[in-house]
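Okay, so here's the structure we're looking at.
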Amino acid sequence: MVNLVIDNKQVTVPEGTTVLEAARKVNIDIPTLCFLKEINEVGDCRMCIVEIEGRRGFCASCIQKVEEGMVVHTNSPAVISARRTILDLILSNHHRDCLTCVRNGNCELQALAEKLNITDVRYDGVKNEYEIDDKSPSIVRDFNKCILCRRCVATCNKVQNIGAISACQRGFASCVSTVGNESLNDVNCTFCGQCIESCPTGALHEKYSINEVWEKLRDENAYVVVQTAPAVRVALGEEFGMEIGTNVTGKMVTALKNLGFDKVFDTNTGADFTIMEEGTEFIKRLKEKDNLPMITSCSPGWVKFIEANYPENLPHLSSCKSPHEMFGALIKTYYAAKNKINPEKIYVVSVMPCIAKKYERQREEMKENGLYDVDCVITTRELARMIKQANIDFTNLEDSSFDDPMGEATGAGAIFGVTGGVMEAALRSVSEILTGKELEKIDFKEVRGQKGIRKATIEIGKDEIKVVVATGLSNAREIMEEIKQGKADYQFVEIMACPGGCIMGGGQPIKSSKIRATVNVQKKRADAMYTIDEKSKIRKSHENPVLKKIYKEYLGEPGGHLAHEILHTHYEAKPKYRILDNLN
Amino acid sequence: MDRSILEGDPHSVLESMIIAGFAIGANQGYIYVRAEYPIAVQRFSVAIKQAREYGLLGKNIFGTNFSFDVEVRLGAGAFVCGEETALLESIEGKRGQPRIKPPYPANAGLWGKPTLINNVETYANITRIILNGADWYSSIGTEGSKGTKVFALGGNVVNVGLVEVPMGTTLREIVYDIGGGIPNGRDFKAAQTGGPSGGCIPKEHLDTPIDYESLKQIGSMMGSGGLIIMDDTKCMVNLAKFYLSFTVDESCGKCTPCRIGTKRMLELLEKISGGEGTLEDVEKLEELANSIPKTAICGLGQSAPNPVLSTFKYFREEYLEHVQEKVCKTGECKALAKIQIHEDKCKGCGMCKRNCPVEAISGEPGKIHHIDETKCIKCGTCISVCPFHAIG
Ligand code: SF4
Ligand code: SF4
Ligand code: SF4
Ligand code: FES
């Protein structure tokens, strides 16, 4: 243990602790900007400087390790004025249009400006001007708002191991950019959106689709259906000041009805379909020893990644569409026919914790009879904005339930939103279908948790299957390397692009660096998902009466011909860098 | 000067590197040279080849179990790569920007391994010290700074070039004895040591002994050993602007104070030198100059304001003249140049008239000349050609 004094308080912390962490322990708050715990600990922005007695200059507390007998002043007049100068400098090169900025009210820079009492910006001078990159269907980069903290760079390189973005140029011209300064649309970006989650400012955000939704809601001829992904309900409340991990399903449904959607459905039901189809596909492959391991395909960022990076391993990928695509396809076929609605009039909106779904929905493969399965994807954040825009008092809403007949879902569908959830849901159904016996214990806790890679051997009857769950693309790459080199002996692999799964998706409410450092956001949201599962009447997809009915009335057998046509697709090799295409 | 050592005597550096490798138990050495110095690269490569042929490099040198080899790495010429950890990053093929310290290179340097990193000039001294003994070496120089130092003497001085002097030699000796004094009978105004990260030394410190401690005390530094002499036609605001524009270009862009702060300083200097400056701008400039050294990550940023700080220290009145009287007496800041002929000094020789590119000067031979302000473009030519220093 190391003893030091911070602002006259005696502090004892383990060796290796940073001054910032030590200060937080005794409730001394030091402002930060570039710091993102365990991801970006680089000391670039200099916002967190403190005075340490006996040192010449100030030290960045986010990287300065504690030393025995250190005497630290975090708030001396000299520190306050130096910090203010640094913030002044950052603001002098920033487009300060907070009123029209996506991060108004949830911006770390704005919050600091308020905290440090910035009433004017002392330095003026040239500002860097950048064109906004909004070419991709998923992500927008507005580098006029970038403060070069490089949290996004660290996230893309270290957490996701993609390397789509990096620091370029030098000096005042330094910026974060892509290879050849091309649009994110045309490089190796997977649209996972994790960089958005890491960005303290409005420099990165999803491509907005809110206006299209409003337009359709106003259009009397349109039949506007909305579906919500499993992970949305445990995070949406955060945008209204509610505790992290609050389950707001009932309020969310009421809000969607108030917004004027004709029908409010649950993607969890779509997830149940995915389990039926994927489970059936898996059983078939297991029996035929065909293209094992089978890998899940419900995370579009992951799909984009494998198509570009491991095209030779694509046969391992399940041919299933993702849950909301399956569900969209069913709405435009089964549901439309049953309710005698012209599918061309149906406008399916998916509320997703994800920005890659925006890209996925416009893939040519995701069409049925010439119509897109899903017409529009909005993120959890965008839904919150719509609710605010409509002046709905969210926290005081009554609960209501999803619309029938496609509103009923199982606990298995619910846990799709958390890493390991697809695996667990599949194992519940696959076990029972294969053995014909009811499971004694339906929780597969061995595939749960926060570790990036979780391996397990599962007994199914007399047989054993080896499974692995990987979350986050750097872990996905690790598993793919094993598969590529023939070292993998798994039969079933679950991969989600975002570390933690959809609950931590790129479309979820953005948490500040401080919250991320001090609260286990992933665990709180995951716990909420598992609670939903535990409280569900039905917890296995194959027991969902809605599914049984639709298979009976319409689809036929899981994995059958019609099911294949509507619920499956094909994935194919895609270039990693589209700029190369542009050149040819 | 490091280049001249590499070009003139690459073996001295190589030999010392081998000895250093032996001393610390290293098996691999790297020499990092800017690609813009092809002759240095070529000659050093030849030296490596020869050393290999002689068995001075390679496996089991002289039959011992000490193996050592040296590789040349080319830099793209970024100034910040002179900062030791940025240099290491660059050798590793990464973006040349400084690392967070600790860990220091001695603990985790190149490829994460303990690394000894030194300047070319330091290595060049090692063999001599070993040959002649430490006593010999410490008999040269001062108490705190031993040995000699090579300077690249330049600017307004008669003899320019590389000079090697014992530490502790005074600036006056270098300028007047070795350098041959200031040309054209001009007065010494200041000397800039340490390149863009250093500071200026004014006339009153001409007798300062040049060693590490004394330079630091008067607000400058030894740095790379650059020594630029300036005569009284040089404007100190302009000088600060010149050096700062270099650091602004060379900042790696990692930390806020250096990336944005130096740029804002330069803008303020441009404003002052462009005749638009106010007292408040001078204050802001001083604020930044005092704050950046305490907040920037690496030596480049920390020392970037030095030219401003030292000109503030010794020539504050020039800044004030620029913003209050709106005049740059040397005429170097064109917008503020007030070029006039002092009647008491003008001998009517006509040098100015002959050299003025826009024929703004009139006057009969032997009579006092005059400048037509409406025609004058403030180029300053007349100031420097007047043999009687009558213009300013
Ligand atoms: S990024 Fe933050 S500070 Fe900048 S305009 Fe947006 S809200 Fe304001
Ligand atoms: S969306 Fe993901 S892959 Fe693309 S730049 Fe951001 S972090 Fe990297
Ligand atoms: S885009 Fe955002 S996260 Fe990336 S460097 Fe800029 S401000 Fe930081
Ligand atoms: S330097 Fe510590 S938060 Fe940026």
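Each chain of the structure tokens is named A, B, ... in the order shown, its residues numbered from 1; ligands are numbered from 1 in display order.
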*Residues of chain B near chain A: apply a cut-off of 8 Å, count only C-alpha atoms, and supply the list as number ranges by chain.*
B: 100, 248-261, 263-264, 267, 288, 291, 293-297
_Using only C-alpha atoms and all ligand atoms, which residues have at least one atom no more than 9 Å from ligand 3? Output them as a ChimeraX atom specification._
/A:33-34,141-155,165,167,175-176,195-204
Site check for ligand 2: residues at most 6 Å away, only C-alpha atoms and all ligand atoms, as a compact mmCIF listing (two decimals) with all heavy atoms, in the first residue's frame:
# COMPACT_ATOMS: atom_id res chain seq x y z
N THR A 155 -10.39 2.80 -28.91
CA THR A 155 -11.49 1.82 -28.92
C THR A 155 -11.44 0.98 -30.18
O THR A 155 -11.52 -0.25 -30.14
CB THR A 155 -12.84 2.57 -28.83
OG1 THR A 155 -12.81 3.40 -27.68
CG2 THR A 155 -13.99 1.59 -28.74
N CYS A 156 -11.29 1.65 -31.31
CA CYS A 156 -11.29 0.92 -32.59
C CYS A 156 -10.06 0.01 -32.70
O CYS A 156 -10.15 -1.10 -33.22
CB CYS A 156 -11.32 1.90 -33.75
SG CYS A 156 -11.58 1.11 -35.34
N ILE A 162 -9.74 -3.29 -34.95
CA ILE A 162 -10.11 -3.08 -36.35
C ILE A 162 -9.14 -2.13 -37.02
O ILE A 162 -8.65 -2.38 -38.11
CB ILE A 162 -11.54 -2.51 -36.45
CG1 ILE A 162 -12.56 -3.52 -35.92
CG2 ILE A 162 -11.88 -2.12 -37.89
CD1 ILE A 162 -12.62 -4.80 -36.70
N ALA A 164 -9.72 1.01 -38.05
CA ALA A 164 -10.30 1.80 -39.15
C ALA A 164 -9.86 3.25 -39.06
O ALA A 164 -9.83 3.96 -40.06
CB ALA A 164 -11.82 1.70 -39.13
N ILE A 165 -9.56 3.70 -37.84
CA ILE A 165 -9.21 5.10 -37.65
C ILE A 165 -7.91 5.23 -36.88
O ILE A 165 -7.55 4.35 -36.09
CB ILE A 165 -10.33 5.86 -36.90
CG1 ILE A 165 -10.81 5.03 -35.71
CG2 ILE A 165 -11.47 6.19 -37.83
CD1 ILE A 165 -11.88 5.70 -34.88
N CYS A 189 -14.15 -0.11 -41.63
CA CYS A 189 -15.03 0.09 -40.47
C CYS A 189 -16.16 -0.95 -40.50
O CYS A 189 -16.70 -1.24 -41.55
CB CYS A 189 -15.59 1.51 -40.51
SG CYS A 189 -16.93 1.79 -39.35
N THR A 190 -16.49 -1.47 -39.32
CA THR A 190 -17.55 -2.49 -39.25
C THR A 190 -18.89 -1.91 -38.84
O THR A 190 -19.87 -2.63 -38.73
CB THR A 190 -17.18 -3.56 -38.21
OG1 THR A 190 -17.10 -2.92 -36.94
CG2 THR A 190 -15.84 -4.20 -38.54
N PHE A 191 -18.91 -0.62 -38.56
CA PHE A 191 -20.11 0.06 -38.07
C PHE A 191 -20.55 -0.48 -36.71
O PHE A 191 -21.74 -0.54 -36.43
CB PHE A 191 -21.28 -0.05 -39.06
CG PHE A 191 -20.96 0.52 -40.42
CD1 PHE A 191 -21.53 -0.04 -41.56
CD2 PHE A 191 -20.13 1.60 -40.57
CE1 PHE A 191 -21.25 0.48 -42.82
CE2 PHE A 191 -19.84 2.13 -41.83
CZ PHE A 191 -20.41 1.56 -42.96
N CYS A 192 -19.58 -0.90 -35.91
CA CYS A 192 -19.95 -1.39 -34.58
C CYS A 192 -20.41 -0.24 -33.70
O CYS A 192 -21.17 -0.42 -32.77
CB CYS A 192 -18.77 -2.10 -33.94
SG CYS A 192 -17.44 -1.00 -33.44
N GLY A 193 -19.92 0.96 -33.99
CA GLY A 193 -20.37 2.13 -33.23
C GLY A 193 -19.73 2.28 -31.86
O GLY A 193 -20.11 3.15 -31.09
N GLN A 194 -18.77 1.44 -31.56
CA GLN A 194 -18.14 1.54 -30.24
C GLN A 194 -17.39 2.86 -30.07
O GLN A 194 -17.25 3.38 -28.97
CB GLN A 194 -17.20 0.35 -29.99
CG GLN A 194 -17.94 -0.95 -29.72
CD GLN A 194 -18.86 -0.85 -28.52
OE1 GLN A 194 -18.47 -0.48 -27.43
NE2 GLN A 194 -20.13 -1.16 -28.74
N CYS A 195 -16.92 3.41 -31.19
CA CYS A 195 -16.23 4.70 -31.11
C CYS A 195 -17.19 5.80 -30.69
O CYS A 195 -16.83 6.72 -29.97
CB CYS A 195 -15.57 5.03 -32.45
SG CYS A 195 -16.68 4.91 -33.85
*Please run DSSP on the backbone and report, as a ChimeraX atom specification, all residues within segment 139-275 of chain B that come out as alpha helix (DSSP H).*
/B:171-172,212-217,236-250,256,262-273
With N, CA and C atoms retained, export the selected residues as a compact mmCIF listing (two decimals), in the first residue's frame.
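The new file out_11.txt reads:
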# COMPACT_ATOMS: atom_id res chain seq x y z
N LEU B 171 30.68 33.62 -24.31
CA LEU B 171 30.03 33.94 -25.56
C LEU B 171 30.86 34.98 -26.32
N ARG B 172 31.41 35.92 -25.56
CA ARG B 172 32.22 36.97 -26.20
C ARG B 172 33.41 36.36 -26.96
N TYR B 212 26.25 24.16 -19.33
CA TYR B 212 24.84 23.80 -19.14
C TYR B 212 24.16 24.67 -18.10
N GLU B 213 24.84 24.83 -16.94
CA GLU B 213 24.19 25.53 -15.83
C GLU B 213 23.98 27.00 -16.14
N SER B 214 25.04 27.65 -16.66
CA SER B 214 24.92 29.10 -16.88
C SER B 214 23.85 29.40 -17.91
N LEU B 215 23.81 28.58 -18.97
CA LEU B 215 22.81 28.84 -20.00
C LEU B 215 21.40 28.73 -19.42
N LYS B 216 21.22 27.71 -18.61
CA LYS B 216 19.91 27.49 -18.02
C LYS B 216 19.53 28.68 -17.14
N GLN B 217 20.54 29.14 -16.42
CA GLN B 217 20.29 30.26 -15.50
C GLN B 217 19.80 31.50 -16.22
N MET B 236 13.34 41.34 -32.20
CA MET B 236 13.20 40.19 -31.30
C MET B 236 11.80 39.58 -31.34
N VAL B 237 10.81 40.41 -31.66
CA VAL B 237 9.46 39.86 -31.82
C VAL B 237 9.44 38.95 -33.04
N ASN B 238 10.06 39.43 -34.06
CA ASN B 238 10.14 38.67 -35.30
C ASN B 238 10.93 37.38 -35.09
N LEU B 239 11.96 37.49 -34.28
CA LEU B 239 12.78 36.32 -33.99
C LEU B 239 11.94 35.24 -33.29
N ALA B 240 11.20 35.68 -32.27
CA ALA B 240 10.35 34.74 -31.54
C ALA B 240 9.35 34.10 -32.49
N LYS B 241 8.81 34.90 -33.37
CA LYS B 241 7.81 34.41 -34.33
C LYS B 241 8.45 33.36 -35.23
N PHE B 242 9.65 33.65 -35.68
CA PHE B 242 10.35 32.72 -36.58
C PHE B 242 10.55 31.36 -35.91
N TYR B 243 11.07 31.39 -34.70
CA TYR B 243 11.34 30.11 -34.03
C TYR B 243 10.05 29.37 -33.67
N LEU B 244 9.07 30.13 -33.26
CA LEU B 244 7.83 29.47 -32.86
C LEU B 244 7.14 28.83 -34.06
N SER B 245 7.24 29.48 -35.22
CA SER B 245 6.57 28.89 -36.38
C SER B 245 7.18 27.53 -36.69
N PHE B 246 8.44 27.40 -36.37
CA PHE B 246 9.09 26.10 -36.58
C PHE B 246 8.49 25.05 -35.64
N THR B 247 8.39 25.39 -34.36
CA THR B 247 7.85 24.39 -33.40
C THR B 247 6.39 24.08 -33.69
N VAL B 248 5.64 25.08 -34.11
CA VAL B 248 4.23 24.83 -34.43
C VAL B 248 4.14 23.78 -35.52
N ASP B 249 4.98 23.91 -36.52
CA ASP B 249 5.00 22.93 -37.61
C ASP B 249 5.42 21.55 -37.13
N GLU B 250 6.33 21.56 -36.17
CA GLU B 250 6.93 20.29 -35.78
C GLU B 250 6.24 19.61 -34.61
N THR B 256 -2.72 18.85 -25.88
CA THR B 256 -3.42 20.12 -26.15
C THR B 256 -2.50 21.34 -26.08
N THR B 262 0.70 26.36 -28.87
CA THR B 262 1.78 27.01 -29.62
C THR B 262 1.22 27.71 -30.86
N LYS B 263 0.18 27.11 -31.42
CA LYS B 263 -0.45 27.73 -32.58
C LYS B 263 -1.06 29.09 -32.20
N ARG B 264 -1.71 29.12 -31.06
CA ARG B 264 -2.31 30.39 -30.62
C ARG B 264 -1.22 31.42 -30.30
N MET B 265 -0.12 30.95 -29.74
CA MET B 265 1.00 31.86 -29.47
C MET B 265 1.50 32.47 -30.76
N LEU B 266 1.64 31.61 -31.76
CA LEU B 266 2.14 32.09 -33.04
C LEU B 266 1.16 33.12 -33.63
N GLU B 267 -0.11 32.82 -33.51
CA GLU B 267 -1.10 33.75 -34.04
C GLU B 267 -1.02 35.11 -33.33
N LEU B 268 -0.80 35.06 -32.02
CA LEU B 268 -0.66 36.31 -31.27
C LEU B 268 0.57 37.08 -31.74
N LEU B 269 1.67 36.34 -31.94
CA LEU B 269 2.89 36.99 -32.41
C LEU B 269 2.69 37.59 -33.80
N GLU B 270 1.96 36.86 -34.63
CA GLU B 270 1.70 37.39 -35.97
C GLU B 270 0.87 38.66 -35.89
N LYS B 271 -0.06 38.65 -34.95
CA LYS B 271 -0.91 39.82 -34.77
C LYS B 271 -0.05 41.01 -34.30
N ILE B 272 0.81 40.76 -33.34
CA ILE B 272 1.65 41.83 -32.81
C ILE B 272 2.60 42.34 -33.89
N SER B 273 3.21 41.40 -34.58
CA SER B 273 4.17 41.79 -35.60
C SER B 273 3.47 42.41 -36.81
Residues within 12 Å of Glu481 of chain A, please, as a compact mmCIF listing (two decimals) with N, CA, C and O atoms, in the first residue's frame. Count only C-alpha atoms; anything in the same chain fewer than 3 positions from it doesn't count.
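Dumped everything to part-v4.txt:
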# COMPACT_ATOMS: atom_id res chain seq x y z
N ILE A 306 -16.64 -10.47 -40.71
CA ILE A 306 -16.21 -11.77 -41.24
C ILE A 306 -16.25 -11.76 -42.77
O ILE A 306 -15.36 -12.31 -43.43
N ASN A 309 -13.01 -9.94 -43.59
CA ASN A 309 -11.72 -10.41 -43.07
C ASN A 309 -11.49 -11.91 -43.16
O ASN A 309 -10.35 -12.35 -43.23
N TYR A 310 -12.57 -12.68 -43.10
CA TYR A 310 -12.41 -14.13 -43.16
C TYR A 310 -13.38 -14.73 -44.17
O TYR A 310 -14.15 -15.63 -43.84
N GLU A 312 -13.04 -16.79 -46.43
CA GLU A 312 -12.91 -18.23 -46.65
C GLU A 312 -13.64 -19.03 -45.58
O GLU A 312 -13.91 -20.21 -45.75
N ASN A 313 -13.94 -18.40 -44.46
CA ASN A 313 -14.63 -19.12 -43.38
C ASN A 313 -16.14 -18.84 -43.35
O ASN A 313 -16.82 -19.25 -42.41
N SER A 474 -12.14 -7.90 -31.19
CA SER A 474 -10.78 -8.43 -31.07
C SER A 474 -10.84 -9.88 -30.60
O SER A 474 -10.05 -10.71 -31.04
N ASN A 475 -11.80 -10.19 -29.75
CA ASN A 475 -11.96 -11.58 -29.33
C ASN A 475 -12.49 -12.43 -30.48
O ASN A 475 -12.12 -13.59 -30.63
N ALA A 476 -13.36 -11.82 -31.28
CA ALA A 476 -13.88 -12.54 -32.44
C ALA A 476 -12.71 -12.93 -33.35
O ALA A 476 -12.62 -14.05 -33.85
N ARG A 477 -11.78 -12.00 -33.52
CA ARG A 477 -10.64 -12.27 -34.40
C ARG A 477 -9.80 -13.43 -33.84
O ARG A 477 -9.32 -14.28 -34.59
N GLU A 478 -9.68 -13.45 -32.52
CA GLU A 478 -8.91 -14.52 -31.91
C GLU A 478 -9.52 -15.89 -32.24
O GLU A 478 -8.81 -16.83 -32.62
N LYS A 484 -9.44 -20.61 -38.51
CA LYS A 484 -8.70 -20.56 -39.77
C LYS A 484 -7.51 -21.52 -39.74
O LYS A 484 -7.22 -22.21 -40.72
N GLN A 485 -6.85 -21.58 -38.59
CA GLN A 485 -5.68 -22.45 -38.51
C GLN A 485 -6.04 -23.88 -38.14
O GLN A 485 -5.16 -24.69 -37.84
N GLY A 486 -7.34 -24.17 -38.12
CA GLY A 486 -7.77 -25.53 -37.84
C GLY A 486 -7.55 -25.96 -36.40
O GLY A 486 -7.50 -27.14 -36.08
N LYS A 487 -7.39 -24.97 -35.50
CA LYS A 487 -7.11 -25.33 -34.11
C LYS A 487 -8.38 -25.39 -33.27
O LYS A 487 -8.33 -25.71 -32.09
N ALA A 488 -9.52 -25.01 -33.87
CA ALA A 488 -10.73 -24.91 -33.07
C ALA A 488 -11.47 -26.24 -33.07
O ALA A 488 -11.64 -26.86 -34.11
_DSSP on the backbone: which residues in segment 133-205 of chain A end up as strand (DSSP E)? Give the answer as a PyMOL selection string._
chain A and resi 139-141+166-168+175-177+204-205
Those same residues, written as a CSV table (one decimal), in the first residue's frame with all heavy atoms?
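Result went into again_34.csv, see below:
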chain,number,residue,atom,x,y,z
A,139,ILE,N,-22.9,5.7,-39.7
A,139,ILE,CA,-22.2,6.6,-38.8
A,139,ILE,C,-21.8,7.9,-39.4
A,139,ILE,O,-21.5,7.9,-40.6
A,139,ILE,CB,-20.9,5.8,-38.3
A,139,ILE,CG1,-20.2,6.6,-37.2
A,139,ILE,CG2,-20.0,5.4,-39.4
A,139,ILE,CD1,-19.1,5.7,-36.5
A,140,VAL,N,-21.8,8.9,-38.6
A,140,VAL,CA,-21.5,10.3,-39.1
A,140,VAL,C,-20.3,10.8,-38.3
A,140,VAL,O,-20.3,10.6,-37.1
A,140,VAL,CB,-22.7,11.2,-39.0
A,140,VAL,CG1,-22.3,12.6,-39.5
A,140,VAL,CG2,-23.9,10.7,-39.8
A,141,ARG,N,-19.3,11.3,-39.0
A,141,ARG,CA,-18.2,11.9,-38.4
A,141,ARG,C,-18.2,13.4,-38.6
A,141,ARG,O,-18.1,13.8,-39.8
A,141,ARG,CB,-16.8,11.3,-38.9
A,141,ARG,CG,-16.7,9.9,-38.7
A,141,ARG,CD,-15.2,9.5,-39.0
A,141,ARG,NE,-14.7,9.9,-40.3
A,141,ARG,CZ,-13.5,10.1,-40.6
A,141,ARG,NH1,-12.5,10.0,-39.6
A,141,ARG,NH2,-13.1,10.5,-41.8
A,166,SER,N,-7.2,6.3,-37.1
A,166,SER,CA,-6.0,6.5,-36.5
A,166,SER,C,-5.6,8.0,-36.5
A,166,SER,O,-6.2,8.8,-37.3
A,166,SER,CB,-4.9,5.7,-37.2
A,166,SER,OG,-3.6,6.0,-36.7
A,167,ALA,N,-4.7,8.4,-35.7
A,167,ALA,CA,-4.3,9.8,-35.7
A,167,ALA,C,-3.4,10.1,-37.0
A,167,ALA,O,-2.6,9.3,-37.4
A,167,ALA,CB,-3.4,10.2,-34.5
A,168,CYS,N,-3.7,11.2,-37.7
A,168,CYS,CA,-3.0,11.5,-38.9
A,168,CYS,C,-2.5,12.9,-38.8
A,168,CYS,O,-3.0,13.7,-38.0
A,168,CYS,CB,-3.9,11.4,-40.1
A,168,CYS,SG,-4.6,9.8,-40.4
A,175,CYS,N,-5.4,15.1,-36.9
A,175,CYS,CA,-6.8,14.8,-36.9
A,175,CYS,C,-6.9,13.3,-36.8
A,175,CYS,O,-5.9,12.6,-37.0
A,175,CYS,CB,-7.5,15.3,-38.1
A,175,CYS,SG,-6.9,14.6,-39.7
A,176,VAL,N,-8.1,12.8,-36.6
A,176,VAL,CA,-8.3,11.4,-36.6
A,176,VAL,C,-8.9,11.0,-38.0
A,176,VAL,O,-9.8,11.7,-38.4
A,176,VAL,CB,-9.3,11.0,-35.5
A,176,VAL,CG1,-9.7,9.5,-35.7
A,176,VAL,CG2,-8.8,11.2,-34.1
A,177,SER,N,-8.3,10.1,-38.6
A,177,SER,CA,-8.8,9.8,-40.0
A,177,SER,C,-8.6,8.4,-40.4
A,177,SER,O,-8.1,7.6,-39.6
A,177,SER,CB,-8.1,10.8,-41.0
A,177,SER,OG,-8.8,10.7,-42.2
A,204,LEU,N,-18.9,12.2,-33.2
A,204,LEU,CA,-19.3,10.9,-33.8
A,204,LEU,C,-20.7,10.6,-33.4
A,204,LEU,O,-21.1,10.7,-32.2
A,204,LEU,CB,-18.4,9.8,-33.3
A,204,LEU,CG,-16.9,9.8,-33.7
A,204,LEU,CD1,-16.2,8.8,-32.9
A,204,LEU,CD2,-16.7,9.6,-35.2
A,205,HIS,N,-21.6,10.3,-34.4
A,205,HIS,CA,-22.9,9.9,-34.0
A,205,HIS,C,-23.5,9.0,-35.1
A,205,HIS,O,-23.0,8.9,-36.2
A,205,HIS,CB,-23.8,11.1,-33.7
A,205,HIS,CG,-23.9,12.1,-34.8
A,205,HIS,ND1,-24.8,11.9,-35.8
A,205,HIS,CD2,-23.3,13.3,-35.0
A,205,HIS,CE1,-24.7,13.0,-36.6
A,205,HIS,NE2,-23.8,13.8,-36.2
*Show me which residues sit within 6 Å of ligand 1 when counting only C-alpha atoms and all ligand atoms, and put them as a ChimeraX atom specification.*
/A:95-98,101,103-104,107,109-110,145,201-202
*asked:* When you look at segment 314-327 of chain A with a cut-off of 6 Å (counting only C-alpha atoms), what residues show up, excluding the ones that are within fewer than 5 positions of it in the same chain? I need them as a list of chain:residue names.
replied: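 The residues that qualify are A:Thr267, A:Gly270, A:Ala271, A:Thr274, A:Asn291, A:Met294, A:Ile295, A:Thr296, A:Ser297, A:Cys298, A:Asp373, A:Leu567, A:His568, A:Thr569, A:His570.
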File dump, residues just selected, N, CA and C atoms, as a PDB file, in the first residue's frame:
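Saved the output as part19.pdb:
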ATOM      1  N   THR A 267     -39.173  -7.499 -30.740  1.00  0.00           N
ATOM      2  CA  THR A 267     -38.150  -8.251 -31.488  1.00  0.00           C
ATOM      3  C   THR A 267     -37.771  -9.535 -30.754  1.00  0.00           C
ATOM      4  N   GLY A 270     -38.965 -12.210 -32.548  1.00  0.00           N
ATOM      5  CA  GLY A 270     -38.079 -12.481 -33.692  1.00  0.00           C
ATOM      6  C   GLY A 270     -36.888 -13.317 -33.249  1.00  0.00           C
ATOM      7  N   ALA A 271     -36.394 -13.006 -32.036  1.00  0.00           N
ATOM      8  CA  ALA A 271     -35.258 -13.763 -31.512  1.00  0.00           C
ATOM      9  C   ALA A 271     -35.651 -15.221 -31.298  1.00  0.00           C
ATOM     10  N   THR A 274     -35.350 -16.860 -34.465  1.00  0.00           N
ATOM     11  CA  THR A 274     -33.945 -17.094 -34.792  1.00  0.00           C
ATOM     12  C   THR A 274     -33.454 -18.368 -34.123  1.00  0.00           C
ATOM     13  N   ASN A 291     -19.632 -28.176 -41.899  1.00  0.00           N
ATOM     14  CA  ASN A 291     -19.227 -26.795 -41.585  1.00  0.00           C
ATOM     15  C   ASN A 291     -19.301 -26.443 -40.104  1.00  0.00           C
ATOM     16  N   MET A 294     -20.506 -24.028 -36.178  1.00  0.00           N
ATOM     17  CA  MET A 294     -21.430 -23.060 -36.748  1.00  0.00           C
ATOM     18  C   MET A 294     -21.312 -21.774 -35.935  1.00  0.00           C
ATOM     19  N   ILE A 295     -21.340 -20.674 -36.638  1.00  0.00           N
ATOM     20  CA  ILE A 295     -21.184 -19.389 -35.938  1.00  0.00           C
ATOM     21  C   ILE A 295     -22.447 -18.556 -36.116  1.00  0.00           C
ATOM     22  N   THR A 296     -22.840 -17.881 -35.049  1.00  0.00           N
ATOM     23  CA  THR A 296     -24.067 -17.070 -35.106  1.00  0.00           C
ATOM     24  C   THR A 296     -23.915 -15.899 -36.078  1.00  0.00           C
ATOM     25  N   SER A 297     -25.029 -15.404 -36.576  1.00  0.00           N
ATOM     26  CA  SER A 297     -24.992 -14.351 -37.593  1.00  0.00           C
ATOM     27  C   SER A 297     -25.917 -13.198 -37.251  1.00  0.00           C
ATOM     28  N   CYS A 298     -26.232 -13.024 -35.951  1.00  0.00           N
ATOM     29  CA  CYS A 298     -27.237 -12.003 -35.647  1.00  0.00           C
ATOM     30  C   CYS A 298     -26.655 -10.622 -35.385  1.00  0.00           C
ATOM     31  N   ASP A 373     -37.126  -5.981 -45.668  1.00  0.00           N
ATOM     32  CA  ASP A 373     -37.761  -6.549 -44.473  1.00  0.00           C
ATOM     33  C   ASP A 373     -38.022  -5.452 -43.448  1.00  0.00           C
ATOM     34  N   LEU A 567     -36.673 -16.443 -43.827  1.00  0.00           N
ATOM     35  CA  LEU A 567     -35.914 -16.163 -42.599  1.00  0.00           C
ATOM     36  C   LEU A 567     -34.400 -16.337 -42.758  1.00  0.00           C
ATOM     37  N   HIS A 568     -33.993 -16.883 -43.876  1.00  0.00           N
ATOM     38  CA  HIS A 568     -32.552 -17.076 -44.074  1.00  0.00           C
ATOM     39  C   HIS A 568     -32.061 -16.185 -45.213  1.00  0.00           C
ATOM     40  N   THR A 569     -30.761 -16.102 -45.300  1.00  0.00           N
ATOM     41  CA  THR A 569     -30.177 -15.300 -46.373  1.00  0.00           C
ATOM     42  C   THR A 569     -28.832 -15.928 -46.712  1.00  0.00           C
ATOM     43  N   HIS A 570     -28.050 -15.251 -47.512  1.00  0.00           N
ATOM     44  CA  HIS A 570     -26.703 -15.761 -47.728  1.00  0.00           C
ATOM     45  C   HIS A 570     -25.728 -14.601 -47.506  1.00  0.00           C
TER      46      HIS A 570
END
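Atom CA of Thr410 of chain A to atom CA of Asp533 of chain A spans 7.3 Å [interatomic distance, one decimal].
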